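Engineer: Sharing model_7.cif below, mmCIF, C-alpha atoms:
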data_entry
#
loop_
_atom_site.label_atom_id
_atom_site.label_comp_id
_atom_site.auth_asym_id
_atom_site.auth_seq_id
_atom_site.Cartn_x
_atom_site.Cartn_y
_atom_site.Cartn_z
CA MET A 1 18.52 140.25 -17.74
CA GLU A 2 20.50 140.59 -14.53
CA GLY A 3 23.86 142.19 -15.12
CA GLY A 4 23.14 142.42 -18.83
CA GLY A 5 23.70 139.61 -21.31
CA SER A 6 23.60 135.85 -20.89
CA GLY A 7 25.60 133.64 -18.57
CA GLU A 8 27.87 132.88 -21.52
CA ASP A 9 28.40 136.60 -22.12
CA ARG A 10 29.39 137.09 -18.50
CA PHE A 11 31.67 134.03 -18.63
CA ILE A 12 33.47 135.43 -21.68
CA ALA A 13 33.68 138.90 -20.17
CA ARG A 14 35.24 137.56 -16.98
CA PHE A 15 37.76 135.07 -18.34
CA PHE A 16 38.49 135.80 -22.00
CA ARG A 17 37.83 139.47 -22.75
CA PRO A 18 40.85 140.48 -20.63
CA ILE A 19 43.18 138.40 -22.84
CA ALA A 20 41.89 139.72 -26.18
CA GLY A 21 44.47 142.48 -26.32
CA THR A 22 44.16 143.59 -29.94
CA PRO A 23 41.75 145.90 -31.77
CA ALA A 24 41.05 143.12 -34.27
CA ALA A 25 39.19 141.21 -31.54
CA LEU A 26 36.67 144.07 -31.20
CA GLY A 27 36.67 143.54 -27.46
CA LEU A 28 35.01 140.14 -27.96
CA LEU A 29 31.74 142.07 -28.21
CA ASP A 30 30.87 140.95 -31.74
CA ASP A 31 30.26 137.63 -33.48
CA ALA A 32 33.45 137.96 -35.53
CA ALA A 33 36.86 139.58 -35.54
CA LEU A 34 38.12 142.06 -38.13
CA LEU A 35 41.68 141.45 -39.32
CA SER A 36 43.63 143.12 -42.10
CA PRO A 37 46.46 140.89 -43.41
CA PRO A 38 49.86 142.52 -43.84
CA GLU A 39 50.55 144.11 -47.21
CA GLY A 40 52.03 141.67 -49.73
CA CYS A 41 51.35 138.57 -47.64
CA ASP A 42 49.35 135.39 -48.03
CA LEU A 43 47.24 134.09 -45.15
CA VAL A 44 48.04 130.71 -43.60
CA LEU A 45 45.35 129.03 -41.52
CA THR A 46 45.53 125.94 -39.33
CA LYS A 47 43.35 124.28 -36.71
CA ASP A 48 44.20 121.71 -34.04
CA ALA A 49 42.18 120.36 -31.14
CA VAL A 50 43.39 118.94 -27.83
CA VAL A 51 41.15 116.65 -25.79
CA ALA A 52 41.50 115.55 -22.17
CA GLY A 53 42.48 111.90 -22.03
CA VAL A 54 43.87 111.98 -25.57
CA HIS A 55 46.32 114.90 -25.85
CA PHE A 56 46.73 115.75 -22.17
CA PHE A 57 45.96 114.24 -18.81
CA ALA A 58 42.79 115.42 -17.10
CA ASP A 59 44.83 116.44 -14.05
CA ASP A 60 47.45 118.42 -15.98
CA PRO A 61 47.77 122.03 -14.79
CA PRO A 62 45.35 124.27 -16.70
CA ALA A 63 48.20 126.64 -17.56
CA SER A 64 50.05 123.78 -19.26
CA VAL A 65 46.90 122.75 -21.16
CA ALA A 66 46.50 126.32 -22.42
CA ARG A 67 50.10 126.53 -23.61
CA LYS A 68 49.91 123.17 -25.36
CA ALA A 69 46.63 124.05 -27.10
CA LEU A 70 48.12 127.22 -28.55
CA ARG A 71 51.61 125.96 -29.32
CA VAL A 72 50.62 122.91 -31.33
CA ASN A 73 48.96 125.33 -33.74
CA LEU A 74 51.92 127.71 -33.76
CA SER A 75 54.10 124.74 -34.68
CA ASP A 76 52.03 124.24 -37.84
CA LEU A 77 52.48 127.90 -38.76
CA ALA A 78 56.23 127.70 -38.19
CA ALA A 79 56.58 124.71 -40.52
CA LYS A 80 54.84 126.65 -43.27
CA GLY A 81 57.24 129.57 -42.90
CA ALA A 82 54.51 131.75 -41.38
CA ALA A 83 54.43 134.32 -38.61
CA PRO A 84 51.37 134.36 -36.30
CA LEU A 85 48.63 136.98 -36.71
CA GLY A 86 46.09 135.74 -34.18
CA ALA A 87 43.97 132.82 -33.04
CA LEU A 88 40.35 131.82 -32.50
CA LEU A 89 39.51 129.70 -29.47
CA ALA A 90 36.67 127.21 -29.07
CA ILE A 91 36.48 125.57 -25.67
CA ALA A 92 34.05 122.94 -24.40
CA LEU A 93 33.97 122.61 -20.61
CA PRO A 94 31.91 120.54 -18.18
CA LYS A 95 29.43 122.74 -16.31
CA ALA A 96 31.04 121.72 -13.04
CA MET A 97 34.52 122.89 -14.09
CA PRO A 98 35.94 124.96 -11.19
CA GLU A 99 36.28 128.67 -11.91
CA ALA A 100 39.86 128.55 -10.66
CA TRP A 101 40.70 126.12 -13.50
CA VAL A 102 39.18 128.42 -16.11
CA GLU A 103 40.91 131.47 -14.65
CA ALA A 104 44.33 129.79 -14.65
CA PHE A 105 43.76 128.52 -18.20
CA ALA A 106 42.73 131.94 -19.50
CA GLN A 107 45.60 133.79 -17.82
CA ALA A 108 48.19 131.37 -19.21
CA LEU A 109 46.64 131.44 -22.67
CA GLY A 110 46.70 135.23 -22.72
CA ALA A 111 50.30 135.39 -21.54
CA ASP A 112 51.47 132.74 -24.04
CA ALA A 113 49.56 134.36 -26.89
CA ALA A 114 51.23 137.68 -26.13
CA ALA A 115 54.67 136.08 -25.83
CA HIS A 116 54.31 134.48 -29.28
CA GLY A 117 52.70 137.47 -30.99
CA CYS A 118 49.44 135.58 -31.55
CA PRO A 119 46.57 137.51 -29.93
CA ILE A 120 43.24 135.82 -29.17
CA LEU A 121 40.70 137.23 -31.63
CA GLY A 122 37.52 135.47 -30.52
CA GLY A 123 35.91 132.06 -30.62
CA ASP A 124 33.20 130.14 -28.80
CA THR A 125 32.51 128.69 -25.36
CA VAL A 126 30.16 125.75 -24.80
CA SER A 127 29.38 123.21 -22.11
CA THR A 128 29.90 119.51 -22.63
CA PRO A 129 29.06 116.28 -20.79
CA GLY A 130 32.32 114.86 -22.11
CA PRO A 131 35.98 115.67 -21.57
CA VAL A 132 37.48 119.13 -21.84
CA THR A 133 38.02 119.89 -25.53
CA ILE A 134 39.96 122.90 -26.78
CA THR A 135 40.16 123.84 -30.44
CA ILE A 136 42.30 126.69 -31.71
CA THR A 137 42.37 128.10 -35.21
CA ALA A 138 45.62 129.97 -35.77
CA LEU A 139 46.08 132.53 -38.51
CA GLY A 140 49.47 133.45 -39.89
CA ALA A 141 51.08 135.32 -42.76
CA VAL A 142 53.88 134.61 -45.19
CA PRO A 143 55.33 136.95 -47.82
CA ARG A 144 53.39 136.30 -51.00
CA GLY A 145 54.60 133.06 -52.59
CA GLY A 146 56.65 132.13 -49.52
CA PHE A 147 54.44 129.32 -48.20
CA VAL A 148 56.45 126.14 -47.60
CA PRO A 149 54.29 123.17 -48.70
CA ARG A 150 54.30 119.56 -47.67
CA THR A 151 54.31 118.62 -51.34
CA GLY A 152 57.57 120.18 -52.58
CA ALA A 153 60.09 117.40 -51.90
CA ARG A 154 61.93 115.91 -54.86
CA PRO A 155 64.37 112.96 -55.14
CA GLY A 156 67.93 113.76 -54.13
CA GLN A 157 67.21 116.30 -51.39
CA ALA A 158 68.48 116.30 -47.83
CA ILE A 159 66.08 115.64 -44.95
CA LEU A 160 66.77 117.72 -41.85
CA VAL A 161 65.00 118.06 -38.51
CA SER A 162 65.11 120.71 -35.82
CA GLY A 163 65.82 120.25 -32.13
CA THR A 164 65.68 116.81 -30.56
CA ILE A 165 63.29 113.94 -31.20
CA GLY A 166 61.56 111.57 -28.80
CA ASP A 167 61.61 113.64 -25.62
CA ALA A 168 57.84 114.08 -25.42
CA ALA A 169 57.04 110.48 -26.31
CA LEU A 170 59.47 109.23 -23.68
CA GLY A 171 58.10 111.80 -21.26
CA LEU A 172 54.67 110.26 -21.77
CA VAL A 173 56.06 106.80 -21.01
CA LEU A 174 57.67 108.21 -17.88
CA ARG A 175 54.44 109.96 -16.88
CA ARG A 176 52.54 106.68 -17.14
CA ASP A 177 55.13 104.63 -15.28
CA GLY A 178 57.68 106.56 -13.29
CA THR A 179 59.29 103.36 -12.06
CA ALA A 180 60.07 101.91 -15.52
CA PRO A 181 63.63 100.48 -15.40
CA ALA A 182 64.78 102.44 -18.48
CA PHE A 183 64.37 105.70 -16.54
CA ALA A 184 66.10 104.56 -13.36
CA GLY A 185 69.43 106.11 -14.32
CA LEU A 186 68.08 109.58 -15.03
CA ASP A 187 68.73 112.41 -12.64
CA ARG A 188 65.98 114.80 -11.54
CA GLU A 189 66.81 117.35 -14.23
CA GLN A 190 66.66 114.78 -17.02
CA ARG A 191 63.32 113.43 -15.82
CA ALA A 192 61.96 116.96 -15.61
CA HIS A 193 63.17 117.65 -19.15
CA LEU A 194 61.25 114.70 -20.62
CA LEU A 195 58.08 115.50 -18.69
CA ASP A 196 58.23 119.16 -19.68
CA ARG A 197 58.67 118.38 -23.37
CA TYR A 198 55.40 116.42 -23.26
CA LEU A 199 53.56 119.21 -21.43
CA HIS A 200 54.99 122.23 -23.23
CA PRO A 201 55.76 122.10 -26.97
CA GLN A 202 58.29 124.65 -28.22
CA PRO A 203 57.09 125.89 -31.64
CA ARG A 204 59.99 126.70 -33.96
CA LEU A 205 58.70 130.07 -35.12
CA ALA A 206 62.25 131.42 -35.30
CA LEU A 207 62.98 128.87 -38.04
CA ALA A 208 60.30 130.20 -40.40
CA PRO A 209 62.53 132.60 -42.40
CA ALA A 210 65.15 129.89 -42.99
CA LEU A 211 62.44 127.51 -44.18
CA ARG A 212 61.04 130.08 -46.59
CA ALA A 213 64.49 130.78 -47.99
CA HIS A 214 65.82 127.24 -48.36
CA ALA A 215 63.28 124.43 -47.84
CA ALA A 216 61.43 122.73 -50.68
CA ALA A 217 59.00 121.03 -48.28
CA ALA A 218 58.38 121.01 -44.54
CA MET A 219 55.93 119.94 -41.87
CA ASP A 220 55.85 119.86 -38.11
CA VAL A 221 56.49 116.58 -36.34
CA SER A 222 53.35 116.00 -34.30
CA ASP A 223 52.47 112.32 -34.75
CA GLY A 224 55.95 110.77 -34.91
CA LEU A 225 59.07 111.50 -36.94
CA ALA A 226 59.07 108.37 -39.10
CA GLY A 227 55.37 108.53 -39.90
CA ASP A 228 55.32 112.27 -40.54
CA VAL A 229 58.31 112.10 -42.90
CA ALA A 230 56.56 109.26 -44.72
CA LYS A 231 53.44 111.42 -45.06
CA MET A 232 55.44 114.31 -46.49
CA LEU A 233 57.24 112.11 -48.98
CA ALA A 234 53.99 110.47 -50.07
CA ALA A 235 52.39 113.87 -50.59
CA SER A 236 55.42 114.89 -52.68
CA GLY A 237 55.44 111.69 -54.74
CA CYS A 238 58.85 110.41 -53.73
CA GLY A 239 60.52 108.08 -51.26
CA GLY A 240 63.38 108.41 -48.82
CA ARG A 241 65.67 107.02 -46.18
CA LEU A 242 66.31 108.08 -42.59
CA GLU A 243 69.37 107.02 -40.58
CA ALA A 244 68.31 106.47 -36.98
CA ARG A 245 71.87 107.12 -35.73
CA ARG A 246 71.67 110.66 -37.12
CA VAL A 247 68.37 111.54 -35.43
CA PRO A 248 69.20 114.06 -32.69
CA LEU A 249 68.37 112.89 -29.16
CA SER A 250 68.65 114.87 -25.95
CA ALA A 251 70.97 113.56 -23.26
CA ALA A 252 67.94 112.29 -21.35
CA ALA A 253 66.42 110.50 -24.35
CA ALA A 254 69.79 109.00 -25.32
CA ALA A 255 70.22 107.62 -21.80
CA VAL A 256 66.76 106.02 -21.88
CA VAL A 257 67.34 104.45 -25.30
CA LYS A 258 70.74 103.15 -24.16
CA ALA A 259 69.07 101.54 -21.16
CA ASP A 260 66.29 100.00 -23.24
CA GLY A 261 66.92 99.77 -26.98
CA SER A 262 63.26 99.02 -27.71
CA LEU A 263 62.43 102.61 -26.76
CA LEU A 264 64.25 103.90 -29.84
CA ALA A 265 61.11 102.97 -31.78
CA THR A 266 59.05 104.98 -29.29
CA ALA A 267 61.30 107.99 -29.80
CA LEU A 268 61.05 107.75 -33.59
CA THR A 269 57.30 107.14 -33.79
CA GLY A 270 55.73 108.41 -30.57
CA GLY A 271 54.91 111.96 -31.58
CA ASP A 272 54.37 115.23 -29.69
CA ASP A 273 57.84 116.46 -30.73
CA TYR A 274 56.55 119.62 -32.44
CA GLU A 275 59.85 120.01 -34.20
CA VAL A 276 60.08 120.79 -37.94
CA VAL A 277 61.28 118.33 -40.57
CA ALA A 278 62.30 119.78 -43.93
CA CYS A 279 63.52 118.65 -47.33
CA VAL A 280 66.28 120.94 -48.58
CA PRO A 281 68.21 120.81 -51.87
CA HIS A 282 71.79 119.75 -51.14
CA GLY A 283 73.17 123.03 -52.50
CA ALA A 284 71.19 124.94 -49.87
CA VAL A 285 71.90 122.72 -46.85
CA ALA A 286 74.86 124.72 -45.53
CA ALA A 287 72.96 128.00 -45.85
CA PHE A 288 69.90 126.48 -44.15
CA ILE A 289 71.97 125.16 -41.23
CA ALA A 290 73.70 128.52 -40.86
CA ALA A 291 70.40 130.45 -40.97
CA ALA A 292 68.88 128.08 -38.40
CA ALA A 293 71.89 128.50 -36.11
CA GLU A 294 71.62 132.28 -36.39
CA ALA A 295 67.97 131.95 -35.36
CA GLY A 296 68.99 129.84 -32.36
CA VAL A 297 67.50 126.59 -33.67
CA PRO A 298 69.75 123.52 -34.05
CA VAL A 299 69.05 121.33 -37.06
CA ALA A 300 70.47 117.95 -38.04
CA LEU A 301 70.76 116.15 -41.37
CA ILE A 302 69.05 112.77 -40.90
CA GLY A 303 68.43 111.36 -44.37
CA GLU A 304 67.75 111.87 -48.04
CA THR A 305 64.85 111.70 -50.44
CA ARG A 306 64.97 109.34 -53.40
CA ALA A 307 62.93 108.27 -56.40
CA GLY A 308 60.14 105.78 -55.85
CA GLU A 309 57.93 105.58 -52.81
CA GLY A 310 58.03 104.66 -49.15
CA LEU A 311 60.39 105.51 -46.30
CA GLU A 312 63.17 103.26 -45.05
CA VAL A 313 64.60 103.84 -41.58
CA THR A 314 67.96 102.17 -40.96
CA ASP A 315 69.93 101.33 -37.83
CA ALA A 316 73.61 102.05 -37.18
CA GLY A 317 74.59 99.07 -39.34
CA GLY A 318 72.47 100.21 -42.27
CA HIS A 319 69.81 97.56 -41.69
CA PRO A 320 66.10 98.45 -41.95
CA LEU A 321 64.27 99.05 -38.67
CA ALA A 322 60.74 97.69 -38.22
CA LEU A 323 58.70 100.58 -36.82
CA GLY A 324 55.13 99.48 -37.52
CA ALA A 325 52.80 102.31 -38.52
CA GLY A 326 55.53 104.86 -37.83
CA SER A 327 53.29 107.38 -36.08
CA PHE A 328 50.25 107.94 -33.90
CA SER A 329 46.84 107.87 -35.58
CA HIS A 330 43.43 108.76 -34.14
CA PHE A 331 41.68 106.26 -36.41
#
Show me this structure written as structure tokens.

Structural biologist:
Amino acid sequence: MEGGGSGEDRFIARFFRPIAGTPAALGLLDDAALLSPPEGCDLVLTKDAVVAGVHFFADDPPASVARKALRVNLSDLAAKGAAPLGALLAIALPKAMPEAWVEAFAQALGADAAAHGCPILGGDTVSTPGPVTITITALGAVPRGGFVPRTGARPGQAILVSGTIGDAALGLVLRRDGTAPAFAGLDREQRAHLLDRYLHPQPRLALAPALRAHAAAAMDVSDGLAGDVAKMLAASGCGGRLEARRVPLSAAAAAVVKADGSLLATALTGGDDYEVVACVPHGAVAAFIAAAAEAGVPVALIGETRAGEGLEVTDAGGHPLALGAGSFSHF
């Protein structure tokens, strides 16, 4: 064959072999990678896909698509208390996809993988008549027995969340309608903040040690705070209450919600936050907050678990808020 190997081999060699910067990837010359987990650690595995028209806009910059595809998986590892070991990439591209798009995607993916200590170990490349679809399987490690489950919450624990909530969901609203009245009072920096939070998740990997040390349960907030907390409580067999007034909002999100109160529901249910929500025994809350601060991650106490089932979200007056399904769902 001309040049040796198939067209797929040459495609991989050109775009993806240069970003497989670890011996475990075997130069992307084999059908598998070879990875030795760290001594005394358990493996943590997660997989997320992003699809054009569902998780990102078809005209988003390829570098942003690459970062989002990787970081949504790293967010899952962070919530489990894990550190990244590597990732497998499967990408389905239309045959007419410009080479410049693929090159920009691959370069950004390689740079982001290196920055987060998560080398690309291998994967698969295929063509598709449909939209661009990117699936990443991320592998991580936790000290043996240190995995933070979704199922560990018990009644009478504090519910805390990292960072700020609603920025990405409001950024999506802004992206779809830049002239919406609720955003009219934002300055350029605030608008850019909301749009960037939708494009570029910030996985809370630095929070992993604090979660391992103090959290009884945790998960990343991908589909909407209210719905994801409800999922965690249901998996743990308990109920809970969130106080909307305690949910941390950025200055930009707070300004939007002040301008249009109906967008509070969007902030609480819209998803794409990629923050971490955790249930922490009350006796460990101060230590958890201190450990998070030392790691450079702000956390806020937003509610409490309780016996029974279901999640109640209350407004500033203590009255229940009607939030519908509470989160995004594909089905």

Engineer: Where does range 166-221 of chain A meet range 107-119 of chain A within 12 Å, residue by residue, with the nearest atom pair and distance in Å to one decimal for each, counting only C-alpha atoms, listed by chain and rising number, as CSV?

Structural biologist:
residue,atom,partner,partner_atom,distance
A:His200,CA,A:Asp112,CA,11.1
A:Pro201,CA,A:Asp112,CA,11.8
A:Gln202,CA,A:His116,CA,10.7
A:Pro203,CA,A:His116,CA,9.3
A:Arg204,CA,A:His116,CA,10.7
A:Leu205,CA,A:His116,CA,8.5
A:Ala206,CA,A:His116,CA,10.4

Engineer: I need the output of the PyMOL selection byres ((chain A and resi 93) around 12) for this file as a list in words; which residues are they?

Structural biologist: Glu8, Phe11, Val51, Ala52, Ala58, Ala90, Ile91, Ala92, Pro94, Lys95, Ala96, Met97, Pro98, Glu99, Trp101, Val102, Phe105, Asp124, Thr125, Val126, Ser127, Thr128, Pro129, Gly130, Pro131, Val132, Thr133, Ile134 and Thr135 of chain A

Engineer: For those residues, write C-alpha atoms to a file as a PDB file, keeping the file's coordinate frame.

Structural biologist:
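Generated file (part_38.pdb):
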ATOM      1  CA  GLU A   8      27.870 132.880 -21.520  1.00  0.00           C
ATOM      2  CA  PHE A  11      31.670 134.030 -18.630  1.00  0.00           C
ATOM      3  CA  VAL A  51      41.150 116.650 -25.790  1.00  0.00           C
ATOM      4  CA  ALA A  52      41.500 115.550 -22.170  1.00  0.00           C
ATOM      5  CA  ALA A  58      42.790 115.420 -17.100  1.00  0.00           C
ATOM      6  CA  ALA A  90      36.670 127.210 -29.070  1.00  0.00           C
ATOM      7  CA  ILE A  91      36.480 125.570 -25.670  1.00  0.00           C
ATOM      8  CA  ALA A  92      34.050 122.940 -24.400  1.00  0.00           C
ATOM      9  CA  PRO A  94      31.910 120.540 -18.180  1.00  0.00           C
ATOM     10  CA  LYS A  95      29.430 122.740 -16.310  1.00  0.00           C
ATOM     11  CA  ALA A  96      31.040 121.720 -13.040  1.00  0.00           C
ATOM     12  CA  MET A  97      34.520 122.890 -14.090  1.00  0.00           C
ATOM     13  CA  PRO A  98      35.940 124.960 -11.190  1.00  0.00           C
ATOM     14  CA  GLU A  99      36.280 128.670 -11.910  1.00  0.00           C
ATOM     15  CA  TRP A 101      40.700 126.120 -13.500  1.00  0.00           C
ATOM     16  CA  VAL A 102      39.180 128.420 -16.110  1.00  0.00           C
ATOM     17  CA  PHE A 105      43.760 128.520 -18.200  1.00  0.00           C
ATOM     18  CA  ASP A 124      33.200 130.140 -28.800  1.00  0.00           C
ATOM     19  CA  THR A 125      32.510 128.690 -25.360  1.00  0.00           C
ATOM     20  CA  VAL A 126      30.160 125.750 -24.800  1.00  0.00           C
ATOM     21  CA  SER A 127      29.380 123.210 -22.110  1.00  0.00           C
ATOM     22  CA  THR A 128      29.900 119.510 -22.630  1.00  0.00           C
ATOM     23  CA  PRO A 129      29.060 116.280 -20.790  1.00  0.00           C
ATOM     24  CA  GLY A 130      32.320 114.860 -22.110  1.00  0.00           C
ATOM     25  CA  PRO A 131      35.980 115.670 -21.570  1.00  0.00           C
ATOM     26  CA  VAL A 132      37.480 119.130 -21.840  1.00  0.00           C
ATOM     27  CA  THR A 133      38.020 119.890 -25.530  1.00  0.00           C
ATOM     28  CA  ILE A 134      39.960 122.900 -26.780  1.00  0.00           C
ATOM     29  CA  THR A 135      40.160 123.840 -30.440  1.00  0.00           C
TER      30      THR A 135
END

Engineer: Work out how far apart CA of Leu139 in chain A and CA of Gly224 in chain A are and give it in Å to one decimal.

Structural biologist: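 One can read the CA of Leu139 in chain A to CA of Gly224 in chain A distance as 24.2 Å.
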
Engineer: Please expand the PyMOL selection byres ((chain A and resi 41) around 9) into the concrete residues it hits in this file, giving the result as a PyMOL selection string.

Structural biologist: chain A and resi 37-40+42-43+141-146

Engineer: Generate the output file for the selected residues, C-alpha atoms, as a short mmCIF file (atom, residue, chain, number, x, y, z; two decimals), in the coordinates of the input.

Structural biologist:
data_model
loop_
_atom_site.label_atom_id
_atom_site.label_comp_id
_atom_site.auth_asym_id
_atom_site.auth_seq_id
_atom_site.Cartn_x
_atom_site.Cartn_y
_atom_site.Cartn_z
CA PRO A 37 46.46 140.89 -43.41
CA PRO A 38 49.86 142.52 -43.84
CA GLU A 39 50.55 144.11 -47.21
CA GLY A 40 52.03 141.67 -49.73
CA ASP A 42 49.35 135.39 -48.03
CA LEU A 43 47.24 134.09 -45.15
CA ALA A 141 51.08 135.32 -42.76
CA VAL A 142 53.88 134.61 -45.19
CA PRO A 143 55.33 136.95 -47.82
CA ARG A 144 53.39 136.30 -51.00
CA GLY A 145 54.60 133.06 -52.59
CA GLY A 146 56.65 132.13 -49.52
#

Engineer: Could you jot down the CA of Asp223 in chain A to CA of Val299 in chain A separation for me, Å, one decimal place?

Structural biologist: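 Spanning CA of Asp223 in chain A to CA of Val299 in chain A is a straight-line distance of 19.0 Å.
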
Engineer: Kindly resolve the PyMOL selection byres ((chain A and resi 45) around 6) on the present coordinates and return the residues as a list in words.

Structural biologist: Val44, Thr46, Ala138 and Leu139 of chain A

Engineer: Need the shell around Pro155 in chain A: protein/DNA/RNA residues with any atom at most 9 Å away, counting only C-alpha atoms. Skip same-chain ones fewer than 2 positions apart. Format as a PDB file with C-alpha atoms, in the frame of the given file?

Structural biologist:
ATOM      1  CA  ALA A 153      60.090 117.400 -51.900  1.00  0.00           C
ATOM      2  CA  GLN A 157      67.210 116.300 -51.390  1.00  0.00           C
ATOM      3  CA  CYS A 238      58.850 110.410 -53.730  1.00  0.00           C
ATOM      4  CA  GLY A 239      60.520 108.080 -51.260  1.00  0.00           C
ATOM      5  CA  GLY A 240      63.380 108.410 -48.820  1.00  0.00           C
ATOM      6  CA  GLU A 304      67.750 111.870 -48.040  1.00  0.00           C
ATOM      7  CA  THR A 305      64.850 111.700 -50.440  1.00  0.00           C
ATOM      8  CA  ARG A 306      64.970 109.340 -53.400  1.00  0.00           C
ATOM      9  CA  ALA A 307      62.930 108.270 -56.400  1.00  0.00           C
ATOM     10  CA  GLY A 308      60.140 105.780 -55.850  1.00  0.00           C
TER      11      GLY A 308
END

Engineer: List every protein, DNA or RNA residue that has at least one atom no more than 8 Å from (73.6, 110.5, -17.4) in the file's coordinates, counting only C-alpha atoms, and write the result as a list in words.

Structural biologist: Gly185, Leu186, Asp187, Ala251, Ala252 and Ala255 of chain A

Engineer: What is the CA of Pro84 in chain A to CA of Leu233 in chain A distance in Å?

Structural biologist: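 A separation of 26.3 Å between them.
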
Engineer: Between A:Thr266, A:Val297, A:Leu89, A:Val50, which residue has the minimum interatomic distance to Ala322 in chain A, considering all atoms listed in the file?

Structural biologist: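 The answer is A:Thr266, which sits nearest to Ala322 in chain A.
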
Engineer: Could you check which of A:Gly140, A:Gly296, A:Gly171, A:Gly303 is closest to Arg245 in chain A, using all atoms listed in the file?

Structural biologist: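 Of the candidates, the smallest distance to Arg245 in chain A is held by A:Gly303.
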
Engineer: Pick the closest to Leu74 in chain A from A:Ala208, A:Ala226, A:Val173, A:Leu311: which is it, counting all atoms listed in the file?

Structural biologist: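 Distance minimum relative to Leu74 in chain A lands on A:Ala208.
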
Engineer: Under the rule that all atoms listed in the file are counted, which of A:Ser162, A:Arg175, A:Pro320, A:Gly156 is the nearest residue to Gly283 in chain A?

Structural biologist: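 Of the candidates, the smallest distance to Gly283 in chain A is held by A:Gly156.
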
Engineer: Could you get me a file of range 224-246 of chain A with C-alpha atoms, as a short mmCIF file (atom, residue, chain, number, x, y, z; two decimals), in the first residue's frame, taken from the block above?

Structural biologist:
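Printed below is selection05.cif as written:
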data_model
loop_
_atom_site.label_atom_id
_atom_site.label_comp_id
_atom_site.auth_asym_id
_atom_site.auth_seq_id
_atom_site.Cartn_x
_atom_site.Cartn_y
_atom_site.Cartn_z
CA GLY A 224 -28.54 20.39 36.53
CA LEU A 225 -27.95 20.96 40.24
CA ALA A 226 -31.46 20.16 41.48
CA GLY A 227 -31.84 17.04 39.38
CA ASP A 228 -28.36 15.72 40.08
CA VAL A 229 -28.73 16.18 43.84
CA ALA A 230 -32.05 14.35 43.62
CA LYS A 231 -30.34 11.49 41.77
CA MET A 232 -27.63 11.23 44.41
CA LEU A 233 -30.13 11.23 47.26
CA ALA A 234 -32.28 8.61 45.54
CA ALA A 235 -29.25 6.39 45.01
CA SER A 236 -28.40 6.80 48.71
CA GLY A 237 -31.94 6.09 49.90
CA CYS A 238 -32.63 9.42 51.56
CA GLY A 239 -34.20 12.80 50.88
CA GLY A 240 -33.06 16.38 51.29
CA ARG A 241 -33.62 20.09 51.01
CA LEU A 242 -31.75 22.78 49.09
CA GLU A 243 -32.04 26.50 49.82
CA ALA A 244 -31.91 28.39 46.54
CA ARG A 245 -30.66 31.55 48.29
CA ARG A 246 -27.53 29.66 49.38
#
